[in-house]
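One file, work.csv, carrying CSV, C-alpha atoms:
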```csv
chain,number,residue,atom,x,y,z
A,109,MET,CA,0.0,0.0,0.0
A,110,LEU,CA,3.0,2.2,0.0
A,111,GLY,CA,4.9,4.0,-2.8
A,112,TYR,CA,2.2,4.5,-5.5
A,113,ILE,CA,1.7,8.3,-5.2
A,114,LYS,CA,4.5,9.8,-7.3
A,115,THR,CA,5.1,12.7,-9.7
A,116,GLN,CA,5.2,12.4,-13.4
A,117,ARG,CA,8.7,14.0,-13.5
A,118,ASP,CA,8.8,14.7,-17.3
A,119,ASP,CA,5.8,17.0,-16.9
A,120,LEU,CA,7.1,19.0,-14.0
A,121,ARG,CA,9.0,22.2,-14.3
A,122,ILE,CA,12.6,21.9,-13.0
A,123,CYS,CA,12.0,24.3,-10.2
A,124,ASP,CA,8.9,22.3,-9.0
A,125,PHE,CA,10.8,19.0,-9.2
A,126,CYS,CA,13.6,20.6,-7.1
A,127,LEU,CA,11.0,21.7,-4.5
A,128,TYR,CA,9.6,18.2,-4.5
A,129,LYS,CA,13.0,16.6,-3.9
A,130,GLN,CA,13.8,19.1,-1.2
A,131,GLN,CA,10.7,18.0,0.7
A,132,TYR,CA,11.6,14.4,0.3
A,133,CYS,CA,15.1,15.2,1.7
A,134,ALA,CA,13.6,17.0,4.6
A,135,LEU,CA,11.4,14.1,5.5
A,136,CYS,CA,14.3,11.7,5.1
A,137,GLN,CA,16.4,13.8,7.5
A,138,GLY,CA,13.4,14.0,9.9
A,139,ILE,CA,13.0,10.2,10.0
A,140,GLY,CA,16.8,9.7,10.5
A,141,LYS,CA,16.9,12.2,13.4
A,142,LYS,CA,13.8,10.8,15.1
A,143,TYR,CA,14.2,7.0,14.6
A,144,GLY,CA,17.7,6.3,13.4
A,145,ILE,CA,19.6,6.5,10.2
A,146,VAL,CA,18.7,3.0,9.0
A,147,TYR,CA,15.0,3.9,9.0
A,148,ARG,CA,15.6,6.5,6.3
A,149,LEU,CA,15.3,3.6,3.9
A,150,ILE,CA,11.6,3.1,4.6
A,151,LEU,CA,10.6,6.6,3.4
A,152,SER,CA,7.8,6.4,0.9
A,153,TYR,CA,6.9,9.0,-1.8
A,154,ASP,CA,3.3,8.8,-0.5
A,155,MET,CA,4.5,10.7,2.6
A,156,VAL,CA,5.9,13.5,0.4
A,157,PHE,CA,2.4,14.0,-1.0
A,158,LEU,CA,1.0,13.9,2.5
A,159,ALA,CA,3.5,16.6,3.6
A,160,LEU,CA,2.8,18.8,0.6
A,161,VAL,CA,-0.9,18.7,1.3
A,162,LEU,CA,-0.6,19.4,5.0
A,163,GLU,CA,1.7,22.3,4.6
A,164,ASN,CA,-1.1,24.2,3.0
A,165,PHE,CA,-2.7,24.3,6.4
A,166,GLU,CA,0.5,25.4,8.3
A,167,THR,CA,1.7,29.0,8.7
A,168,GLU,CA,4.9,28.5,10.7
A,169,MET,CA,7.7,27.1,8.6
A,170,THR,CA,11.2,26.2,9.9
A,171,PRO,CA,14.2,26.8,7.6
A,172,LEU,CA,16.4,23.7,7.3
A,173,SER,CA,20.0,23.3,6.0
A,174,PHE,CA,21.7,20.0,6.0
A,175,LYS,CA,23.9,17.7,4.0
A,176,CYS,CA,22.7,14.4,2.4
A,177,PRO,CA,24.3,11.4,4.2
A,178,THR,CA,24.6,9.6,0.8
A,179,ASN,CA,26.3,12.6,-0.8
A,180,PRO,CA,28.3,14.8,1.6
A,181,PHE,CA,28.9,17.3,-1.2
A,182,LYS,CA,25.1,17.9,-1.6
A,183,LYS,CA,23.7,20.6,0.6
A,184,ILE,CA,19.9,20.9,1.0
A,185,ASN,CA,18.3,24.2,1.9
A,186,THR,CA,14.5,24.2,2.4
A,187,SER,CA,11.8,25.0,4.9
A,188,ILE,CA,9.0,22.8,6.3
A,189,SER,CA,6.6,22.8,9.2
A,190,ASN,CA,8.0,21.0,12.3
A,191,ASN,CA,4.5,19.6,12.9
A,192,VAL,CA,4.4,18.2,9.3
A,193,ILE,CA,7.9,16.6,9.6
A,194,GLU,CA,7.1,15.0,13.0
A,195,TYR,CA,3.7,13.7,11.8
A,196,CYS,CA,4.8,12.4,8.4
A,197,ALA,CA,7.9,10.7,9.8
A,198,PHE,CA,5.7,8.9,12.3
A,199,ILE,CA,3.0,7.9,9.8
A,200,ASN,CA,5.6,6.6,7.5
A,201,TYR,CA,7.0,4.5,10.3
A,202,TYR,CA,3.5,3.4,11.5
A,203,LEU,CA,2.5,2.3,8.0
A,204,SER,CA,5.7,0.3,7.6
A,205,VAL,CA,4.8,-1.6,10.8
A,206,LEU,CA,1.3,-2.2,9.4
A,207,LYS,CA,2.7,-3.4,6.1
A,208,LEU,CA,5.1,-5.8,7.9
A,209,GLU,CA,2.2,-7.2,9.9
A,210,ASP,CA,0.1,-7.6,6.8
A,211,ASP,CA,2.9,-9.4,5.0
A,212,ILE,CA,3.4,-11.7,7.9
A,213,ILE,CA,-0.3,-12.7,7.8
A,214,ASP,CA,-0.1,-13.4,4.1
A,215,GLU,CA,3.4,-14.9,3.8
A,216,LYS,CA,4.1,-16.4,7.3
A,217,ASN,CA,7.6,-14.9,6.8
A,218,ASN,CA,9.9,-15.5,9.9
A,219,VAL,CA,12.5,-12.9,8.7
A,220,LYS,CA,9.8,-10.2,8.6
A,221,LYS,CA,8.7,-11.2,12.1
A,222,ILE,CA,12.2,-10.4,13.3
A,223,ILE,CA,12.3,-7.1,11.4
A,224,LEU,CA,8.9,-6.2,12.9
A,225,LYS,CA,10.2,-6.7,16.4
A,226,PHE,CA,13.0,-4.2,15.7
A,227,PHE,CA,10.5,-1.7,14.4
A,228,LYS,CA,8.1,-2.1,17.3
A,229,HIS,CA,10.9,-1.9,20.0
A,230,ASN,CA,12.2,1.5,18.7
A,231,SER,CA,12.0,3.7,21.8
A,232,GLN,CA,11.1,6.9,19.8
A,233,TYR,CA,8.3,5.0,18.1
A,234,GLN,CA,6.9,3.7,21.4
A,235,ASN,CA,7.1,7.2,22.9
A,236,ILE,CA,5.0,8.7,20.1
A,237,LEU,CA,2.6,5.8,20.2
A,238,ASN,CA,2.0,6.6,23.9
A,239,THR,CA,1.7,10.3,23.2
A,240,TYR,CA,-0.8,9.9,20.4
A,241,GLY,CA,-2.6,7.3,22.5
A,242,ALA,CA,-6.3,6.7,21.8
A,243,LYS,CA,-6.3,9.1,18.8
A,244,LEU,CA,-4.6,6.3,16.8
A,245,ASN,CA,-7.4,3.8,17.6
A,246,VAL,CA,-9.4,4.7,14.5
A,247,LEU,CA,-6.5,3.8,12.2
A,248,SER,CA,-5.8,0.5,13.9
A,249,GLU,CA,-9.5,-0.4,14.0
A,250,LEU,CA,-9.9,0.4,10.3
A,251,MET,CA,-6.9,-1.7,9.4
A,252,SER,CA,-8.2,-4.6,11.6
A,253,LYS,CA,-11.5,-4.4,9.8
A,254,ILE,CA,-9.8,-4.4,6.4
A,255,ASN,CA,-7.8,-7.5,7.4
A,256,SER,CA,-10.9,-9.2,8.7
A,257,LEU,CA,-12.9,-8.5,5.6
A,258,GLU,CA,-10.1,-9.7,3.4
A,259,SER,CA,-10.1,-13.1,5.2
A,260,GLU,CA,-13.8,-13.3,4.5
A,261,ASN,CA,-13.3,-12.5,0.8
A,262,ALA,CA,-15.5,-9.4,1.1
A,263,CYS,CA,-16.8,-7.5,-1.9
A,264,PHE,CA,-14.8,-5.0,-4.0
A,265,ASP,CA,-16.7,-1.9,-3.1
A,266,GLN,CA,-16.8,-2.6,0.6
A,267,LEU,CA,-13.0,-3.0,0.9
A,268,SER,CA,-12.0,-0.2,-1.5
A,269,ASN,CA,-14.3,2.2,0.3
A,270,LEU,CA,-12.9,1.1,3.7
A,271,PHE,CA,-9.4,1.8,2.6
A,272,GLY,CA,-10.6,5.2,1.2
A,273,GLU,CA,-11.8,5.9,4.8
A,274,PHE,CA,-8.4,4.7,6.2
A,275,PHE,CA,-6.5,7.1,3.8
A,276,VAL,CA,-8.8,10.0,4.9
A,277,GLU,CA,-8.0,9.2,8.5
A,278,LEU,CA,-4.3,9.6,7.8
A,279,PHE,CA,-5.0,13.3,7.0
A,280,GLN,CA,-7.7,13.6,9.6
A,281,LEU,CA,-5.4,12.5,12.4
A,282,PHE,CA,-3.0,15.5,11.7
A,283,PHE,CA,-5.9,17.9,12.3
A,284,LYS,CA,-6.9,16.1,15.5
A,285,LEU,CA,-3.3,16.3,16.8
A,286,TYR,CA,-2.2,19.7,15.7
A,287,LYS,CA,-5.3,21.7,14.9
A,288,GLU,CA,-8.1,20.6,17.3
A,289,ASP,CA,-10.4,23.4,16.1
A,290,CYS,CA,-10.0,22.3,12.5
A,291,VAL,CA,-11.2,19.0,11.1
A,292,ILE,CA,-11.0,17.6,7.6
A,293,GLU,CA,-14.8,17.2,7.3
A,294,LYS,CA,-15.0,21.0,7.1
A,295,TYR,CA,-13.1,20.7,3.8
A,296,ASP,CA,-15.5,18.5,1.7
A,297,ASN,CA,-13.3,18.7,-1.3
A,298,LEU,CA,-10.2,17.6,0.6
A,299,TYR,CA,-12.1,14.8,2.1
A,300,SER,CA,-13.3,13.7,-1.3
A,301,LEU,CA,-9.8,13.9,-2.8
A,302,CYS,CA,-8.3,11.8,0.0
A,303,PHE,CA,-11.1,9.2,-0.1
A,304,ASN,CA,-10.9,8.6,-3.8
A,305,LEU,CA,-7.1,8.5,-3.8
A,306,GLY,CA,-7.2,5.9,-1.0
A,307,LYS,CA,-9.5,3.8,-3.1
A,308,TRP,CA,-7.2,4.1,-6.0
A,309,ILE,CA,-4.2,3.1,-4.0
A,310,TYR,CA,-5.9,-0.1,-2.8
A,311,ILE,CA,-7.0,-1.0,-6.3
A,312,ILE,CA,-3.6,-0.4,-7.9
A,313,ASP,CA,-1.9,-2.3,-5.1
A,314,ALA,CA,-4.1,-5.3,-5.8
A,315,TYR,CA,-3.5,-5.0,-9.6
A,316,GLU,CA,0.3,-5.1,-9.1
A,317,ASP,CA,0.2,-8.0,-6.7
A,318,TYR,CA,-2.5,-10.1,-8.5
A,319,ASN,CA,-0.3,-12.7,-10.1
A,320,GLU,CA,1.8,-13.3,-7.0
A,321,ASP,CA,-1.3,-13.4,-4.8
A,322,MET,CA,-2.9,-16.0,-7.0
A,323,GLN,CA,0.2,-18.1,-7.0
A,324,ASN,CA,0.5,-18.0,-3.2
A,325,GLY,CA,-3.2,-18.5,-2.5
A,326,ASN,CA,-3.5,-15.0,-0.9
A,327,PHE,CA,-6.6,-12.8,-1.0
A,328,ASN,CA,-6.7,-10.2,-3.8
A,329,LEU,CA,-9.3,-7.5,-4.2
A,330,LEU,CA,-9.5,-8.2,-8.0
A,331,GLN,CA,-9.7,-11.9,-7.9
A,332,ASN,CA,-13.4,-12.0,-9.0
A,333,ILE,CA,-12.9,-9.4,-11.7
A,334,MET,CA,-9.8,-11.1,-13.0
A,335,LYS,CA,-11.3,-14.6,-13.1
A,336,GLU,CA,-11.5,-14.3,-16.9
A,337,ASP,CA,-7.7,-14.4,-16.9
A,338,ASP,CA,-8.1,-18.2,-16.6
A,339,SER,CA,-9.3,-18.3,-20.2
A,340,ASP,CA,-7.2,-17.9,-23.3
A,341,ASN,CA,-8.6,-14.4,-23.9
A,342,LYS,CA,-7.2,-12.2,-21.1
A,343,LEU,CA,-8.4,-9.0,-22.7
A,344,ASN,CA,-11.8,-8.6,-21.1
A,345,ALA,CA,-10.5,-8.8,-17.5
A,346,HIS,CA,-7.8,-6.2,-18.2
A,347,LYS,CA,-10.3,-4.0,-19.9
A,348,LYS,CA,-12.2,-3.8,-16.6
A,349,ILE,CA,-9.0,-2.8,-14.8
A,350,ALA,CA,-8.2,-0.3,-17.5
A,351,MET,CA,-11.6,1.2,-17.1
A,352,ILE,CA,-11.2,1.4,-13.3
A,353,ASN,CA,-7.8,3.1,-13.8
A,354,LYS,CA,-9.2,5.6,-16.3
A,355,MET,CA,-11.2,5.5,-13.9
A,356,ILE,CA,-14.6,4.4,-14.9
A,357,PHE,CA,-16.0,3.2,-11.6
A,358,PRO,CA,-19.8,2.7,-11.3
A,359,PHE,CA,-20.9,5.6,-13.5
A,360,LEU,CA,-18.2,7.9,-12.2
A,361,ILE,CA,-14.5,8.4,-13.0
A,362,LEU,CA,-12.1,8.3,-10.0
A,363,ILE,CA,-9.3,10.4,-11.4
A,364,LEU,CA,-11.8,12.9,-12.7
A,365,LYS,CA,-13.4,13.0,-9.3
A,366,MET,CA,-10.0,13.7,-7.7
A,367,GLU,CA,-9.2,16.4,-10.3
A,368,LYS,CA,-12.6,18.0,-9.7
A,369,SER,CA,-12.1,18.0,-5.9
A,370,PHE,CA,-8.5,19.3,-6.4
A,371,HIS,CA,-9.6,22.3,-8.4
A,372,GLU,CA,-12.2,23.3,-5.8
A,373,ILE,CA,-9.6,23.4,-3.0
A,374,THR,CA,-7.7,26.7,-2.3
A,375,TRP,CA,-4.0,25.7,-2.4
A,376,ASN,CA,-1.5,28.1,-0.9
A,377,LYS,CA,1.6,26.0,-1.8
A,378,TYR,CA,2.7,23.4,-4.3
A,379,LYS,CA,-0.4,23.4,-6.4
A,380,GLU,CA,1.4,22.5,-9.6
A,381,ILE,CA,3.3,19.6,-8.0
A,382,LEU,CA,0.2,18.2,-6.3
A,383,TYR,CA,-1.9,18.4,-9.5
A,384,ASN,CA,0.9,16.6,-11.3
A,385,ILE,CA,0.7,13.8,-8.8
A,386,VAL,CA,-3.1,13.5,-8.7
A,387,SER,CA,-3.6,13.5,-12.4
A,388,LEU,CA,-0.5,12.5,-14.3
A,389,GLY,CA,1.3,10.6,-11.6
A,390,CYS,CA,-1.5,8.2,-10.9
A,391,THR,CA,-2.0,7.4,-14.6
A,392,ASN,CA,1.7,6.9,-15.1
A,393,THR,CA,1.9,4.5,-12.1
A,394,TYR,CA,-0.9,2.4,-13.7
A,395,PHE,CA,0.8,2.2,-17.1
A,396,LYS,CA,4.1,1.3,-15.4
A,397,ILE,CA,2.5,-1.6,-13.6
A,398,LEU,CA,0.8,-2.7,-16.8
A,399,HIS,CA,4.1,-2.7,-18.7
A,400,GLU,CA,6.0,-4.6,-16.0
A,401,LYS,CA,3.3,-7.1,-15.0
A,402,TYR,CA,1.1,-7.6,-18.1
A,403,PRO,CA,3.3,-6.8,-21.2
A,404,GLU,CA,1.4,-9.3,-23.3
A,405,ILE,CA,-1.6,-7.1,-23.5
A,406,GLU,CA,-0.1,-3.6,-22.9
A,407,SER,CA,-0.3,-2.5,-26.5
A,408,ILE,CA,-4.0,-3.4,-26.7
A,409,ILE,CA,-4.9,-1.8,-23.4
A,410,ARG,CA,-3.2,1.5,-24.3
A,411,CYS,CA,-5.5,1.8,-27.3
A,412,ILE,CA,-8.7,1.5,-25.2
```
Take the structure in the file and write it out as structure tokens.
Amino acid sequence: MLGYIKTQRDDLRICDFCLYKQQYCALCQGIGKKYGIVYRLILSYDMVFLALVLENFETEMTPLSFKCPTNPFKKINTSISNNVIEYCAFINYYLSVLKLEDDIIDEKNNVKKIILKFFKHNSQYQNILNTYGAKLNVLSELMSKINSLESENACFDQLSNLFGEFFVELFQLFFKLYKEDCVIEKYDNLYSLCFNLGKWIYIIDAYEDYNEDMQNGNFNLLQNIMKEDDSDNKLNAHKKIAMINKMIFPFLILILKMEKSFHEITWNKYKEILYNIVSLGCTNTYFKILHEKYPEIESIIRCI
């Protein structure tokens, strides 16, 4: 569920891409300072999107100047909200823990069980868990419900909608923690954008993992839609996924819904970068997976 929300770099201005990379570097440094250098490796591009959105609701920015640990000759100068860095670093870590737990359920992997113990015993992580306390319960309850429904082979809409709610809560929690007088429900268009983006992430994750899940006997959201893959003609099943990713989804189009919500939000910062991610980045991610996982029908699908 991590790593799908990226920019379409070729369509970004150089100055905007530099801003995007600076925010990535700021989060990377924040994770390293808070949890340890090795945990920089778990940083997801999804968190850069989260940070760029949340910074539109922050007024106090902290200037940062530091050197990249992988390139000591590279100096990064940027500014970012301390609240956003702290929150996004934690959420990135928290989601990595959830991902490990989910993989252990699916794969029964003993190595990942050991890695999970290291993650959970990180003192800084435990301190923040204790600080956030009950406010994290909604996230854990939603994820438990998703895991439970997956084990029951629940329907497509039920699960994708539930993950949409989970993704909204990632944004909602920031408002609960740092802006108690300001909740995401007051911003209907932001709620809609986050909800539909969460649904898209869940769908595209299932699409990428479909072949592996079927080989390993794991649940996959698309297993009923993709049953036609058992026949010689694979086109019909992939047409359905292509429609979802264009995104024709019961009478509505997910990406167009996200774009509509996006344009109705007043953005103070990073508007061009965020729009690039929501519109072009999502489409590019889909076609990249199509090329890597389903090359035999890529040329046909691109013509739909």
Report task. Show which residues sit within 9 Å of range 303-307 of chain A, as a list in words. Count all atoms listed in the file, and ignore same-chain residues fewer than 4 positions away. Result -> Ile113, Leu267, Ser268, Asn269, Leu270, Phe271, Gly272, Glu273, Phe274, Phe275, Val276, Leu298, Tyr299, Ile311, Ile312, Leu362, Ile363, Lys365, Met366 and Val386 of chain A
Writer output for current selection, C-alpha atoms, as a CSV table (one decimal), in the frame of the given file:
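Final file, out_33.csv:
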```csv
chain,number,residue,atom,x,y,z
A,113,ILE,CA,1.7,8.3,-5.2
A,267,LEU,CA,-13.0,-3.0,0.9
A,268,SER,CA,-12.0,-0.2,-1.5
A,269,ASN,CA,-14.3,2.2,0.3
A,270,LEU,CA,-12.9,1.1,3.7
A,271,PHE,CA,-9.4,1.8,2.6
A,272,GLY,CA,-10.6,5.2,1.2
A,273,GLU,CA,-11.8,5.9,4.8
A,274,PHE,CA,-8.4,4.7,6.2
A,275,PHE,CA,-6.5,7.1,3.8
A,276,VAL,CA,-8.8,10.0,4.9
A,298,LEU,CA,-10.2,17.6,0.6
A,299,TYR,CA,-12.1,14.8,2.1
A,311,ILE,CA,-7.0,-1.0,-6.3
A,312,ILE,CA,-3.6,-0.4,-7.9
A,362,LEU,CA,-12.1,8.3,-10.0
A,363,ILE,CA,-9.3,10.4,-11.4
A,365,LYS,CA,-13.4,13.0,-9.3
A,366,MET,CA,-10.0,13.7,-7.7
A,386,VAL,CA,-3.1,13.5,-8.7
```
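When CA of Met155 in chain A is paired with CA of Lys287 in chain A, their separation reads 19.2 Å.
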Query - Minimum-distance residue to Tyr195 in chain A, chosen among A:Cys133, A:Cys123, A:Leu285, A:Leu398 (using all atoms listed in the file) - result: A:Leu285
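Candidate residues A:Leu257, A:Asp211, A:Leu237, A:Asp265 were compared for distance to Asp321 in chain A, and the nearest is A:Asp211, using only C-alpha atoms.
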**Report entry** Selection: 12 Å around Glu163 in chain A, all atoms listed in the file, excl. self and same-chain fewer than 3 positions, as a ChimeraX atom specification
**Finding:** /A:131,156-160,166-170,187-193,195-196,279,282-283,375-379,382
Within 12 Å of Gly144 in chain A, counting only C-alpha atoms, which residues show up once you throw out same-chain ones fewer than 3 positions away? Write them as a compact mmCIF listing (two decimals) with C-alpha atoms, keeping the file's coordinate frame, please.
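Final output, saved to out.txt:
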```
# COMPACT_ATOMS: atom_id res chain seq x y z
CA CYS A 136 14.30 11.70 5.10
CA GLN A 137 16.40 13.80 7.50
CA GLY A 138 13.40 14.00 9.90
CA ILE A 139 13.00 10.20 10.00
CA GLY A 140 16.80 9.70 10.50
CA LYS A 141 16.90 12.20 13.40
CA TYR A 147 15.00 3.90 9.00
CA ARG A 148 15.60 6.50 6.30
CA LEU A 149 15.30 3.60 3.90
CA ILE A 150 11.60 3.10 4.60
CA ALA A 197 7.90 10.70 9.80
CA TYR A 201 7.00 4.50 10.30
CA PHE A 226 13.00 -4.20 15.70
CA PHE A 227 10.50 -1.70 14.40
CA ASN A 230 12.20 1.50 18.70
CA SER A 231 12.00 3.70 21.80
CA GLN A 232 11.10 6.90 19.80
CA TYR A 233 8.30 5.00 18.10
```
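What separates CA of Gly325 in chain A from CA of Asp214 in chain A is a distance of 8.9 Å.
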Report task. Find the distance between CA of Gln280 in chain A and CA of Tyr153 in chain A and write it in Å to one decimal. Result -> 19.1 Å
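For the residues A:Gln116, A:Ser152, A:Ser252, A:Asn319, ranking by smallest atom-to-atom distance to Glu400 in chain A using all atoms listed in the file places A:Asn319 first.
Closest approach to Ser259 in chain A among A:Ser204, A:Thr393, A:Thr239, A:Asn326: A:Asn326, based on all atoms listed in the file.
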Neighbour list for Thr391 in chain A as a PDB file with C-alpha atoms, in the coordinates of the input, cut-off 9 Å, all atoms listed in the file, skip fewer than 3 positions in-chain:
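Produced file part_21.pdb, reproduced below:
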```pdb
ATOM      1  CA  GLN A 116       5.200  12.400 -13.400  1.00  0.00           C
ATOM      2  CA  ASN A 353      -7.800   3.100 -13.800  1.00  0.00           C
ATOM      3  CA  LYS A 354      -9.200   5.600 -16.300  1.00  0.00           C
ATOM      4  CA  ILE A 363      -9.300  10.400 -11.400  1.00  0.00           C
ATOM      5  CA  VAL A 386      -3.100  13.500  -8.700  1.00  0.00           C
ATOM      6  CA  SER A 387      -3.600  13.500 -12.400  1.00  0.00           C
ATOM      7  CA  LEU A 388      -0.500  12.500 -14.300  1.00  0.00           C
ATOM      8  CA  TYR A 394      -0.900   2.400 -13.700  1.00  0.00           C
ATOM      9  CA  PHE A 395       0.800   2.200 -17.100  1.00  0.00           C
ATOM     10  CA  LYS A 396       4.100   1.300 -15.400  1.00  0.00           C
TER      11      LYS A 396
END
```
Nearby residues (all atoms listed in the file) at most 8 Å from Ile184 in chain A, same-chain spacing under 2 positions excluded, as a PDB file with C-alpha atoms, keeping the file's coordinate frame:
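What ended up in out.pdb:
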```pdb
ATOM      1  CA  GLN A 130      13.800  19.100  -1.200  1.00  0.00           C
ATOM      2  CA  CYS A 133      15.100  15.200   1.700  1.00  0.00           C
ATOM      3  CA  LEU A 172      16.400  23.700   7.300  1.00  0.00           C
ATOM      4  CA  SER A 173      20.000  23.300   6.000  1.00  0.00           C
ATOM      5  CA  PHE A 174      21.700  20.000   6.000  1.00  0.00           C
ATOM      6  CA  LYS A 175      23.900  17.700   4.000  1.00  0.00           C
ATOM      7  CA  CYS A 176      22.700  14.400   2.400  1.00  0.00           C
ATOM      8  CA  LYS A 182      25.100  17.900  -1.600  1.00  0.00           C
ATOM      9  CA  THR A 186      14.500  24.200   2.400  1.00  0.00           C
TER      10      THR A 186
END
```
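Comparing the minimum interatomic distances between Leu135 in chain A and each of A:Ile309, A:Ile199, A:Leu120, A:Ile236, counting all atoms listed in the file, we find that A:Ile199 sits nearest.
Restricting the calculation to all atoms listed in the file, the smallest distance between Ile212 in chain A and any of A:Asn255, A:Trp308, A:Tyr240, A:Ile385 is found for A:Asn255.
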Can you rebuild range 314-327 of chain A with N, CA and C atoms and give it as an mmCIF file, in the frame of the given file?
```cif
data_model
loop_
_atom_site.group_PDB
_atom_site.id
_atom_site.type_symbol
_atom_site.label_atom_id
_atom_site.label_comp_id
_atom_site.auth_asym_id
_atom_site.auth_seq_id
_atom_site.Cartn_x
_atom_site.Cartn_y
_atom_site.Cartn_z
ATOM 1 N N ALA A 314 -3.594 -3.975 -5.503
ATOM 2 C CA ALA A 314 -4.100 -5.300 -5.800
ATOM 3 C C ALA A 314 -3.761 -5.695 -7.264
ATOM 4 N N TYR A 315 -3.803 -4.736 -8.167
ATOM 5 C CA TYR A 315 -3.500 -5.000 -9.600
ATOM 6 C C TYR A 315 -2.018 -5.414 -9.725
ATOM 7 N N GLU A 316 -1.130 -4.729 -9.013
ATOM 8 C CA GLU A 316 0.300 -5.100 -9.100
ATOM 9 C C GLU A 316 0.582 -6.439 -8.516
ATOM 10 N N ASP A 317 -0.098 -6.791 -7.433
ATOM 11 C CA ASP A 317 0.200 -8.000 -6.700
ATOM 12 C C ASP A 317 -0.634 -9.218 -7.173
ATOM 13 N N TYR A 318 -1.501 -9.035 -8.159
ATOM 14 C CA TYR A 318 -2.500 -10.100 -8.500
ATOM 15 C C TYR A 318 -1.833 -11.413 -8.817
ATOM 16 N N ASN A 319 -0.868 -11.437 -9.721
ATOM 17 C CA ASN A 319 -0.300 -12.700 -10.100
ATOM 18 C C ASN A 319 0.391 -13.420 -8.941
ATOM 19 N N GLU A 320 1.136 -12.677 -8.127
ATOM 20 C CA GLU A 320 1.800 -13.300 -7.000
ATOM 21 C C GLU A 320 0.798 -13.777 -5.947
ATOM 22 N N ASP A 321 -0.272 -13.005 -5.719
ATOM 23 C CA ASP A 321 -1.300 -13.400 -4.800
ATOM 24 C C ASP A 321 -1.977 -14.702 -5.188
ATOM 25 N N MET A 322 -2.263 -14.820 -6.478
ATOM 26 C CA MET A 322 -2.900 -16.000 -7.000
ATOM 27 C C MET A 322 -1.998 -17.244 -6.869
ATOM 28 N N GLN A 323 -0.708 -17.030 -7.121
ATOM 29 C CA GLN A 323 0.200 -18.100 -7.000
ATOM 30 C C GLN A 323 0.398 -18.607 -5.574
ATOM 31 N N ASN A 324 0.324 -17.655 -4.641
ATOM 32 C CA ASN A 324 0.500 -18.000 -3.200
ATOM 33 C C ASN A 324 -0.746 -18.272 -2.468
ATOM 34 N N GLY A 325 -1.879 -18.182 -3.148
ATOM 35 C CA GLY A 325 -3.200 -18.500 -2.500
ATOM 36 C C GLY A 325 -3.613 -17.370 -1.555
ATOM 37 N N ASN A 326 -3.147 -16.128 -1.768
ATOM 38 C CA ASN A 326 -3.500 -15.000 -0.900
ATOM 39 C C ASN A 326 -4.775 -14.309 -1.466
ATOM 40 N N PHE A 327 -5.488 -13.613 -0.590
ATOM 41 C CA PHE A 327 -6.600 -12.800 -1.000
ATOM 42 C C PHE A 327 -6.162 -11.682 -1.911
#
```
